[in-house]
Structures are given as C-alpha cells and as structure tokens.
file model.cif (mmCIF, C-alpha atoms)
data_target
#
loop_
_atom_site.label_atom_id
_atom_site.label_comp_id
_atom_site.auth_asym_id
_atom_site.auth_seq_id
_atom_site.Cartn_x
_atom_site.Cartn_y
_atom_site.Cartn_z
CA LEU A 1 -87.68 -57.56 74.93
CA TYR A 2 -84.59 -55.55 74.08
CA PRO A 3 -82.97 -55.63 71.62
CA LEU A 4 -85.19 -56.62 68.69
CA GLN A 5 -84.62 -59.82 66.81
CA ILE A 6 -82.04 -59.49 64.05
CA ASN A 7 -81.45 -61.99 61.27
CA THR A 8 -77.71 -62.43 60.86
CA PRO A 9 -75.71 -64.29 58.24
CA PRO A 10 -73.52 -67.21 59.32
CA ILE A 11 -69.96 -66.31 60.24
CA SER A 12 -67.25 -67.61 57.99
CA LEU A 13 -64.48 -69.71 59.51
CA THR A 14 -61.98 -67.33 57.98
CA THR A 15 -63.55 -64.25 59.60
CA THR A 16 -61.32 -62.59 62.18
CA LEU A 17 -63.35 -62.27 65.38
CA ASN A 18 -62.70 -60.89 68.83
CA MET A 19 -64.39 -63.24 71.30
CA PRO A 20 -66.31 -61.66 74.19
CA LEU A 21 -66.93 -62.39 77.84
CA ILE A 22 -70.73 -62.65 78.13
CA THR A 23 -71.83 -61.87 81.69
CA ILE A 24 -75.36 -63.04 82.52
CA MET A 25 -76.69 -61.20 85.56
CA GLY A 26 -79.96 -61.37 87.47
CA PRO A 27 -81.58 -62.51 90.71
CA PRO A 28 -81.78 -66.18 91.75
CA SER A 29 -84.24 -68.36 89.82
CA SER A 30 -84.57 -65.80 87.02
CA GLY A 31 -83.52 -68.15 84.20
CA LYS A 32 -79.78 -67.33 83.93
CA SER A 33 -78.59 -70.93 83.65
CA SER A 34 -81.33 -71.76 81.14
CA PHE A 35 -80.23 -68.87 78.95
CA ALA A 36 -76.55 -69.79 79.37
CA GLN A 37 -77.30 -73.32 78.17
CA TYR A 38 -79.40 -72.00 75.29
CA LEU A 39 -76.67 -69.57 74.25
CA GLN A 40 -74.07 -72.32 74.40
CA ASN A 41 -76.21 -74.57 72.21
CA TYR A 42 -76.91 -71.66 69.87
CA VAL A 43 -73.20 -71.05 69.33
CA TRP A 44 -72.66 -74.76 68.75
CA SER A 45 -75.53 -74.79 66.23
CA GLN A 46 -73.58 -72.28 64.11
CA LYS A 47 -71.17 -75.18 63.45
CA HIS A 48 -68.18 -72.96 64.15
CA SER A 49 -67.83 -73.78 67.84
CA ASP A 50 -66.49 -76.23 70.35
CA ILE A 51 -68.61 -76.93 73.44
CA PHE A 52 -66.23 -76.74 76.37
CA THR A 53 -68.05 -76.73 79.72
CA ILE A 54 -66.41 -76.78 83.14
CA TYR A 55 -67.97 -78.84 85.92
CA GLY A 56 -65.80 -78.32 88.98
CA ALA A 57 -62.25 -79.28 88.03
CA SER A 58 -63.24 -81.60 85.19
CA CYS A 59 -63.77 -80.55 81.58
CA SER A 60 -65.77 -81.99 78.69
CA GLU A 61 -64.48 -81.06 75.25
CA ARG A 62 -65.51 -81.91 71.73
CA SER A 63 -62.70 -81.38 69.24
CA ASP A 64 -62.94 -80.11 65.69
CA GLU A 65 -60.93 -77.85 63.40
CA GLN A 66 -61.03 -74.05 63.43
CA LYS A 67 -63.74 -73.57 66.04
CA ILE A 68 -64.77 -70.89 68.50
CA SER A 69 -64.97 -72.43 71.98
CA PRO A 70 -67.92 -71.28 74.13
CA LEU A 71 -67.10 -72.03 77.74
CA VAL A 72 -69.61 -71.69 80.61
CA ILE A 73 -68.42 -70.78 84.10
CA SER A 74 -71.32 -71.07 86.54
CA MET A 75 -71.85 -70.79 90.28
CA ASN A 76 -73.91 -74.01 89.98
CA GLN A 77 -70.66 -75.85 89.31
CA LEU A 78 -69.29 -74.90 92.73
CA SER A 79 -71.98 -76.51 94.88
CA ALA A 80 -75.28 -78.36 94.53
CA ASN A 81 -76.64 -76.12 97.30
CA VAL A 82 -76.28 -72.60 95.91
CA THR A 83 -77.69 -71.11 99.13
CA SER A 84 -74.48 -72.13 100.92
CA LEU A 85 -72.48 -69.95 98.50
CA TYR A 86 -74.27 -66.74 99.52
CA ASP A 87 -75.65 -67.33 103.02
CA THR A 88 -72.84 -65.36 104.70
CA ALA A 89 -70.61 -62.47 103.64
CA PRO A 90 -67.38 -64.58 103.76
CA HIS A 91 -69.00 -67.31 101.64
CA GLU A 92 -70.23 -64.76 99.11
CA LYS A 93 -66.81 -63.13 98.87
CA LYS A 94 -65.15 -66.53 98.43
CA THR A 95 -67.63 -67.45 95.68
CA ARG A 96 -66.90 -64.27 93.74
CA SER A 97 -63.17 -64.83 94.18
CA ILE A 98 -63.37 -68.37 92.75
CA LEU A 99 -65.52 -67.27 89.82
CA LYS A 100 -63.17 -64.35 89.11
CA SER A 101 -60.09 -66.58 89.14
CA ARG A 102 -61.70 -69.05 86.73
CA ILE A 103 -62.73 -66.26 84.39
CA MET A 104 -59.19 -64.84 84.44
CA GLN A 105 -57.82 -68.31 83.75
CA HIS A 106 -59.95 -68.95 80.66
CA LEU A 107 -60.48 -65.44 79.26
CA SER A 108 -59.17 -65.37 75.71
CA GLN A 109 -59.62 -63.54 72.42
CA LYS A 110 -60.26 -66.89 70.75
CA ARG A 111 -63.05 -68.21 72.98
CA ILE A 112 -66.55 -67.11 73.93
CA LEU A 113 -66.71 -67.17 77.72
CA ILE A 114 -70.17 -67.29 79.37
CA ASN A 115 -70.29 -66.09 82.98
CA ASP A 116 -73.40 -67.60 84.61
CA SER A 117 -73.79 -66.27 88.16
CA LEU A 118 -75.65 -63.54 90.04
CA ASN A 119 -73.13 -60.78 89.12
CA GLU A 120 -75.29 -58.49 91.21
CA ILE A 121 -72.51 -56.09 92.25
CA LYS A 122 -71.57 -53.44 89.70
CA GLY A 123 -68.04 -53.26 91.13
CA PHE A 124 -67.58 -56.93 90.24
CA ARG A 125 -68.82 -56.31 86.71
CA PHE A 126 -66.41 -53.37 86.46
CA GLU A 127 -63.52 -55.68 87.40
CA LEU A 128 -64.56 -58.12 84.68
CA PHE A 129 -64.72 -55.23 82.23
CA ARG A 130 -61.14 -54.29 83.15
CA PHE A 131 -59.96 -57.87 82.66
CA CYS A 132 -61.44 -57.77 79.16
CA GLN A 133 -59.67 -54.48 78.48
CA GLU A 134 -56.35 -56.00 79.49
CA MET A 135 -56.97 -59.00 77.20
CA GLY A 136 -58.10 -56.79 74.32
CA THR A 137 -61.50 -58.46 74.10
CA ARG A 138 -65.11 -57.38 74.64
CA HIS A 139 -67.50 -57.54 77.58
CA ILE A 140 -71.21 -58.11 76.92
CA VAL A 141 -73.88 -57.99 79.64
CA VAL A 142 -77.19 -59.89 79.51
CA GLU A 143 -79.66 -58.94 82.24
CA MET A 144 -82.50 -61.22 83.35
CA ARG A 145 -84.88 -58.66 84.82
CA ARG A 146 -87.38 -60.50 87.02
CA ASP A 147 -89.37 -59.37 90.06
CA LEU A 148 -89.64 -61.14 93.41
CA LYS A 149 -92.94 -62.85 92.59
CA GLU A 150 -91.61 -64.50 89.43
CA CYS A 151 -88.38 -65.63 91.11
CA LEU A 152 -90.23 -67.15 94.07
CA ALA A 153 -92.55 -69.00 91.69
CA ASN A 154 -89.60 -70.39 89.69
CA ASN A 155 -87.81 -71.34 92.90
CA GLU A 156 -90.88 -73.27 94.05
CA LYS A 157 -90.90 -75.14 90.73
CA ASP A 158 -87.27 -76.08 91.36
CA ARG A 159 -88.22 -77.32 94.81
CA VAL A 160 -90.91 -79.58 93.34
CA LEU A 161 -88.46 -80.80 90.69
CA VAL A 162 -85.84 -81.69 93.29
CA SER A 163 -88.47 -83.52 95.32
CA SER A 164 -89.38 -85.51 92.21
CA CYS A 165 -85.74 -86.39 91.64
CA ASP A 166 -85.42 -87.52 95.25
CA ALA A 167 -88.41 -89.78 94.75
CA ILE A 168 -86.73 -91.28 91.70
CA ASN A 169 -83.54 -91.83 93.70
CA ALA A 170 -85.51 -93.76 96.28
CA SER A 171 -86.70 -96.21 93.64
CA GLU A 172 -84.35 -99.15 93.08
CA GLU A 173 -85.72 -99.68 89.60
CA THR A 174 -84.69 -96.27 88.31
CA LYS A 175 -81.32 -95.73 89.96
CA GLU A 176 -79.50 -96.27 86.68
CA ASP A 177 -81.69 -93.76 84.86
CA ASN A 178 -81.20 -91.18 87.61
CA ALA A 179 -77.46 -91.18 87.04
CA THR A 180 -78.05 -89.45 83.71
CA LEU A 181 -80.21 -86.62 85.05
CA PRO A 182 -78.84 -83.23 83.92
CA PRO A 183 -76.97 -81.20 86.58
CA GLN A 184 -79.66 -78.50 86.59
CA GLN A 185 -82.19 -80.94 88.04
CA LYS A 186 -79.88 -81.88 90.90
CA GLN A 187 -79.47 -78.31 92.13
CA GLN A 188 -81.10 -77.46 95.43
CA PRO A 189 -83.59 -74.55 95.48
CA TRP A 190 -82.80 -71.25 97.16
CA ASP A 191 -83.83 -70.38 100.68
CA LYS A 192 -86.81 -68.00 100.35
CA ASN A 193 -85.47 -65.38 102.77
CA LEU A 194 -82.04 -65.33 101.14
CA LEU A 195 -83.62 -65.13 97.69
CA SER A 196 -85.58 -62.04 98.75
CA GLN A 197 -82.44 -60.46 100.20
CA MET A 198 -80.45 -61.07 97.02
CA ILE A 199 -83.15 -59.44 94.88
CA ASN A 200 -83.18 -56.36 97.12
CA ARG A 201 -79.40 -56.12 96.85
CA MET A 202 -79.33 -56.33 93.04
CA GLU A 203 -77.40 -53.46 91.45
CA TRP A 204 -79.08 -53.54 88.05
CA ALA A 205 -77.06 -52.88 84.93
CA ASN A 206 -77.07 -49.42 83.39
CA GLY A 207 -76.50 -49.16 79.66
CA ASN A 208 -74.91 -45.73 80.16
CA ASN A 209 -72.01 -47.28 82.10
CA ARG A 210 -69.17 -48.37 79.84
CA TRP A 211 -68.70 -51.58 81.86
CA ASP A 212 -72.37 -52.55 81.30
CA LYS A 213 -72.48 -52.06 77.54
CA PRO A 214 -73.49 -53.48 75.20
CA LEU A 215 -76.48 -54.43 77.36
CA PHE A 216 -79.18 -56.94 76.39
CA VAL A 217 -82.24 -57.11 78.65
CA LEU A 218 -84.71 -59.98 78.97
CA ALA A 219 -87.66 -58.39 80.75
CA ASP A 220 -90.74 -59.90 79.10
CA GLN A 221 -92.65 -62.71 80.79
CA TRP A 222 -93.09 -65.98 78.96
CA GLU A 223 -96.08 -68.28 79.23
CA SER A 224 -94.45 -71.38 77.81
CA GLU A 225 -91.07 -72.85 76.97
CA SER A 226 -91.61 -72.14 73.28
CA ASP A 227 -92.29 -68.48 74.08
CA ARG A 228 -89.16 -68.40 76.24
CA ASP A 229 -87.06 -69.98 73.51
CA LYS A 230 -88.22 -67.35 71.00
CA GLN A 231 -87.04 -64.58 73.31
CA PHE A 232 -83.78 -66.39 74.01
CA GLU A 233 -83.16 -66.84 70.29
CA ALA A 234 -83.76 -63.14 69.61
CA VAL A 235 -81.11 -62.12 72.15
CA CYS A 236 -78.68 -64.80 70.95
CA GLU A 237 -78.99 -63.55 67.38
CA SER A 238 -78.45 -59.98 68.56
CA ILE A 239 -75.29 -61.01 70.43
CA TRP A 240 -74.09 -62.97 67.41
CA HIS A 241 -74.79 -59.93 65.22
CA ALA A 242 -72.76 -57.67 67.55
CA LEU A 243 -69.95 -60.23 67.48
CA HIS A 244 -70.08 -60.47 63.70
CA ASN A 245 -69.80 -56.70 63.32
CA GLU A 246 -66.84 -56.44 65.71
CA LYS A 247 -64.14 -54.32 64.07
CA ILE A 248 -61.28 -55.13 66.46
CA SER A 249 -58.66 -57.50 65.14
CA ASN A 250 -57.41 -60.28 67.37
CA ALA A 251 -53.89 -59.05 66.74
CA GLN A 252 -54.67 -55.53 67.89
CA ARG A 253 -56.11 -53.93 70.99
CA GLN A 254 -58.31 -50.90 71.15
CA PRO A 255 -56.42 -47.62 71.61
CA SER A 256 -57.88 -47.33 75.12
CA HIS A 257 -56.31 -50.68 75.98
CA ILE A 258 -52.78 -49.55 75.14
CA ALA A 259 -50.78 -48.29 78.10
CA LYS A 260 -50.15 -44.57 77.93
CA ASP A 261 -47.38 -42.52 79.44
CA LEU A 262 -49.53 -40.46 81.78
CA SER A 263 -46.54 -38.38 82.86
CA ASP A 264 -46.83 -36.54 79.52
CA THR A 265 -50.39 -35.48 80.26
CA ASN A 266 -52.34 -33.83 83.03
CA MET A 267 -54.38 -36.97 83.71
CA LEU A 268 -51.88 -38.53 86.12
CA TYR A 269 -52.08 -35.42 88.27
CA GLU A 270 -55.89 -35.51 88.16
CA VAL A 271 -56.01 -39.20 89.15
CA GLU A 272 -53.65 -38.66 92.09
CA ARG A 273 -55.49 -35.54 93.18
CA ALA A 274 -58.96 -37.12 92.98
CA THR A 275 -58.00 -40.34 94.77
CA ASN A 276 -56.16 -38.40 97.49
CA ARG A 277 -59.27 -36.28 98.12
CA VAL A 278 -61.42 -39.40 98.46
CA VAL A 279 -58.99 -41.03 100.90
CA LYS A 280 -58.82 -37.91 103.08
CA LYS A 281 -62.59 -37.52 103.14
CA ILE A 282 -63.14 -41.17 104.08
CA MET A 283 -60.73 -40.85 107.01
CA GLU A 284 -62.35 -37.59 108.14
CA LEU A 285 -65.87 -39.03 108.15
CA GLN A 286 -64.95 -42.36 109.70
CA SER A 287 -65.15 -41.02 113.28
CA THR A 288 -68.80 -40.00 112.80
CA SER A 289 -69.85 -43.00 110.69
CA MET A 290 -70.92 -46.52 111.56
CA ALA A 291 -70.45 -49.80 109.74
CA GLY A 292 -72.80 -50.01 106.77
CA ASP A 293 -73.26 -46.23 106.43
CA ALA A 294 -73.23 -45.05 102.81
CA ILE A 295 -71.54 -41.65 102.63
CA GLN A 296 -71.14 -39.38 99.62
CA VAL A 297 -67.53 -38.37 99.92
CA CYS A 298 -67.38 -35.84 97.08
CA GLN A 299 -69.63 -33.69 94.95
CA GLU A 300 -68.01 -34.84 91.71
CA SER A 301 -69.65 -38.28 91.97
CA LYS A 302 -72.98 -39.53 93.30
CA GLU A 303 -71.38 -42.88 94.12
CA LYS A 304 -71.33 -43.48 97.88
CA PHE A 305 -68.67 -45.17 99.95
CA VAL A 306 -69.99 -47.87 102.30
CA TYR A 307 -68.00 -48.20 105.53
CA PRO A 308 -67.09 -51.86 106.21
CA ARG A 309 -67.60 -53.54 109.57
CA ARG A 310 -63.91 -53.91 110.27
CA GLY A 311 -63.26 -50.23 109.57
CA VAL A 312 -60.63 -48.73 107.31
CA SER A 313 -57.06 -47.66 107.96
CA LEU A 314 -55.02 -44.99 106.24
CA MET A 315 -52.37 -47.55 105.31
CA GLN A 316 -54.94 -49.76 103.58
CA LEU A 317 -56.45 -46.84 101.68
CA ARG A 318 -53.03 -45.66 100.52
CA ARG A 319 -52.18 -49.15 99.26
CA LEU A 320 -55.49 -49.45 97.39
CA ARG A 321 -55.00 -45.94 96.01
CA GLN A 322 -51.62 -46.87 94.54
CA GLN A 323 -53.09 -50.03 93.00
CA PHE A 324 -55.92 -48.02 91.45
CA ILE A 325 -53.53 -45.42 90.01
CA LYS A 326 -51.45 -48.20 88.47
CA MET A 327 -54.58 -49.71 86.91
CA GLN A 328 -55.52 -46.39 85.30
CA GLN A 329 -52.29 -46.35 83.29
CA THR A 330 -53.92 -48.77 80.82
CA THR A 331 -57.03 -46.63 80.30
CA ASN A 332 -57.86 -43.48 78.43
CA LEU A 333 -59.79 -41.49 81.04
CA LYS A 334 -60.75 -37.94 80.13
CA ASP A 335 -63.50 -37.11 82.61
CA VAL A 336 -62.37 -36.21 86.13
CA GLY A 337 -65.78 -37.12 87.54
CA THR A 338 -65.32 -40.66 86.23
CA ILE A 339 -62.15 -41.02 88.30
CA TYR A 340 -64.04 -40.35 91.54
CA GLN A 341 -66.80 -42.77 90.62
CA LEU A 342 -64.50 -45.60 89.58
CA PHE A 343 -62.25 -45.23 92.63
CA ILE A 344 -65.19 -45.36 95.06
CA ILE A 345 -66.63 -48.41 93.25
CA TYR A 346 -63.18 -50.03 93.44
CA LEU A 347 -62.97 -49.40 97.20
CA ASN A 348 -66.50 -50.67 97.86
CA ASN A 349 -65.85 -53.84 95.92
CA THR A 350 -62.55 -54.44 97.70
CA TYR A 351 -64.02 -54.05 101.20
CA LYS A 352 -67.10 -56.23 100.52
#
call {"tool": "encode", "arguments": {"input": "model.cif", "output": "structure tokens"}}
result
Amino acid sequence: LYPLQINTPPISLTTTLNMPLITIMGPPSSGKSSFAQYLQNYVWSQKHSDIFTIYGASCSERSDEQKISPLVISMNQLSANVTSLYDTAPHEKKTRSILKSRIMQHLSQKRILINDSLNEIKGFRFELFRFCQEMGTRHIVVEMRRDLKECLANNEKDRVLVSSCDAINASEETKEDNATLPPQQKQQPWDKNLLSQMINRMEWANGNNRWDKPLFVLADQWESESDRDKQFEAVCESIWHALHNEKISNAQRQPSHIAKDLSDTNMLYEVERATNRVVKKIMELQSTSMAGDAIQVCQESKEKFVYPRRGVSLMQLRRLRQQFIKMQQTTNLKDVGTIYQLFIIYLNNTYK
C-alpha cells in the first residue's frame, strides 16, 4: 500500500483550507465506489463536514455550521446498468461529458469533491487538472490497481448480490424492506467482455505527471472487509494529512494559476511553433494512416496521436490549436517538450 499510514491531528474549524478534487480511477469492479463511500464517511467522521451526495438530479444535504462539504459524483448515479454507459464509443463520450459538466458545476475551493468513475483516460484527468488550476484548488488522484482476475471475481460477487436482491423483490413479504436497499446493491454487474476491454484500455496514473500528483495507490489485496477498511483508512488519513498541510490560501491562487502576458516572453512563440509543427505533421501523415493508427508525430514527445475514424481536417486542427494556445495563457510552462505532449493529449481526448 502506498502511501504509509500517517496519524494526523484533527483540523480546526478556523483553519484555512483549499479543498481538492479527489479523482478515484481504476477498472470496473475494483472497489472505487466502496472507497468513495468510505472516504465520504471518513470526512464526515472528522465532524467538520457536510455530507452532500448527488443521485441523479436530486440532492441529499445535512446542514450544520462551518463545514467542509464532501460531494460524490459517480457514474453509478447515471444508470443502474453501468455497461450501457460504456458499451459504445458515443455512449462513453456522453458519459464523460456528463461527469465533466457536473464536476465543473460543483468544483469549489470550499468543498471536497469526490470523482467516482473509471477515469481511465489520462487526457480526461488532464482536463480535470486544468479545471482545478482555473479554480485555484488541488487535484488528488487515487488509483485502485487491480488485475483482471480480481475484477472478474468482484463482478461475479455483484452478479450474485443482484440475483439475491431480485429474489427479495419477488417476495411480497419483503417488498417494504427492499425499498431501503442501498443504491450499490441495485447496480447491475458489468458485461464480462466489456470489463476485460476496459481493463486493457486503462491508462494508469503516473506520479511523474503533474496532473496525476499527488498519487495514492491501493494495490494490496485484502482478504476481508476489516483488512480492506484498514487500507482504506490509511489512504484517507494520508489524503487528510496532505489537505491539512496545504499552504495555498483560499483567497489566493498559485503563481502558475495566474494568467501571464506571454507576449513579454518567448513562450508564446514556442507554443505556437510547437503546435503548428504537430498540426502539419498530422496532416502530412494522414494520407498514409488508417483510423486507429497511433503515430509519433514529433521527436520531442513520445506521446502518439491516434487518428480518429472520421478523419481530421485542417480547419478543425487549427481551431483546436487556437483553443489550446488560449488555455496555455493561464499556465507557467517552461519545457518545450511538455508543450508537444500536452497538445497531443489534448487532441486525442478531443477526438475520442
């Protein structure tokens, strides 16, 4: 388990904190929702928080004075059959779009926001990181690292649980009790083939990437719920410790978040030059490439551009290039190689 358990003192109500977006990523049936619920309860147990959970369009709020509000946004809230959210490319893109809009709606310096979904695409995590930069808050990543065998076993347990719930529903004597079953038990299990595909497509977090740090990894197996809870508690305390030691004031943003006048530096020229080279190379290689081909378009970055099925046009690339350049005006980039990498990730994520 990483990181190690850390004993942290309780946070005073008068302490000035900068609330993070906590992105929980991992394959299906890896325990993301269980950890999200545990983290939410952990924050509430600190007695400085307000549980505020979204289920579809409805909200459940418990009011109190001077509290930090942990809010969970989960793909499980969009549909009882999660397979239908990722079974086709259009459905997957729509799911990410809905989750992104809800995150943007509720992201705040005064609330802990818990993002409980696959988050398997690093370009999507990079977008969330940029949203946090614009809001002047932090982005924390928790990775549930599980292999195919474990996920399939957990998925089969969910299938048995759903079958048990269906049997309860069929009983007239227990209909009233069934109405109070927690939402997690009503979720349909994943299709086995789709689950395998999603695991193979996982773009695991890398602690060296600025959009994936700080990174907390849950990789150890647990034999029982008590063992699982111990590991969950260790990570929750580590997150709480990182939050407690946050130096950024709510009234101030980090220097990298403040818009700079790039015309006074050489960076604007470098951004325009790098993005223009990428656009030209993509158009040159398009005639010899097929949909789905991953091409390395420059030596400055190992990131590869994946050609979409519908193809790309010069007009589209120019428009995306201008949007990317405008976005970089709120950053403090110094490495030219980073520009190439971020622009290619931005294009891949846009065309997915």
call {"tool": "closest_residue", "arguments": {"input": "model.cif", "among": "A:Leu195, A:Val336, A:Leu320, A:Leu128", "to": "Ala153 in chain A", "atoms": "only C-alpha atoms"}}
result
A:Leu195
call {"tool": "closest_residue", "arguments": {"input": "model.cif", "among": "A:Lys32, A:His91, A:Arg210, A:His106", "to": "Met144 in chain A", "atoms": "only C-alpha atoms"}}
result
A:Lys32
call {"tool": "residues_around", "arguments": {"input": "model.cif", "residues": "Cys151 in chain A", "least_positions_apart": "4", "cutoff": "8 Å", "atoms": "all atoms listed in the file", "output": "ChimeraX atom specification"}}
result
/A:27-30,146-147,155
call {"tool": "write_last_selection", "arguments": {"input": "model.cif", "atoms": "C-alpha atoms", "output": "compact mmCIF listing (two decimals), in the coordinates of the input"}}
result
# COMPACT_ATOMS: atom_id res chain seq x y z
CA PRO A 27 -81.58 -62.51 90.71
CA PRO A 28 -81.78 -66.18 91.75
CA SER A 29 -84.24 -68.36 89.82
CA SER A 30 -84.57 -65.80 87.02
CA ARG A 146 -87.38 -60.50 87.02
CA ASP A 147 -89.37 -59.37 90.06
CA ASN A 155 -87.81 -71.34 92.90
call {"tool": "atom_distance", "arguments": {"input": "model.cif", "atom1": "CA of Ile199 in chain A", "atom2": "CA of Met75 in chain A"}}
result
16.7 Å
call {"tool": "residues_around", "arguments": {"input": "model.cif", "residues": "Lys280 in chain A", "least_positions_apart": "3", "cutoff": "12 Å", "atoms": "all atoms listed in the file", "output": "count of residues only"}}
result
18
call {"tool": "resolve_selection", "arguments": {"input": "model.cif", "expression": "the PyMOL selection byres ((chain A and resi 120) around 9)", "output": "MDAnalysis selection string"}}
result
chainID A and resid 25:27 117:119 121:125 198:199 201:205
call {"tool": "residues_near_point", "arguments": {"input": "model.cif", "point": "(-70.1, -47.9, 98.0)", "cutoff": "12 Å", "atoms": "only C-alpha atoms", "output": "MDAnalysis selection string"}}
result
chainID A and resid 121:123 203 282 291:297 301:308 340:352
call {"tool": "atom_distance", "arguments": {"input": "model.cif", "atom1": "CA of Phe35 in chain A", "atom2": "CA of Lys100 in chain A"}}
result
20.4 Å
call {"tool": "closest_residue", "arguments": {"input": "model.cif", "among": "A:Leu194, A:Ala89, A:Cys132, A:Leu218", "to": "Arg145 in chain A", "atoms": "only C-alpha atoms"}}
result
A:Leu218
call {"tool": "residues_around", "arguments": {"input": "model.cif", "residues": "Asp229 in chain A", "least_positions_apart": "5", "cutoff": "9 Å", "atoms": "all atoms listed in the file", "output": "PDB file with C-alpha atoms, in the coordinates of the input"}}
result
ATOM      1  CA  PHE A  35     -80.230 -68.870  78.950  1.00  0.00           C
ATOM      2  CA  TYR A  38     -79.400 -72.000  75.290  1.00  0.00           C
ATOM      3  CA  SER A 224     -94.450 -71.380  77.810  1.00  0.00           C
ATOM      4  CA  ALA A 234     -83.760 -63.140  69.610  1.00  0.00           C
TER       5      ALA A 234
END
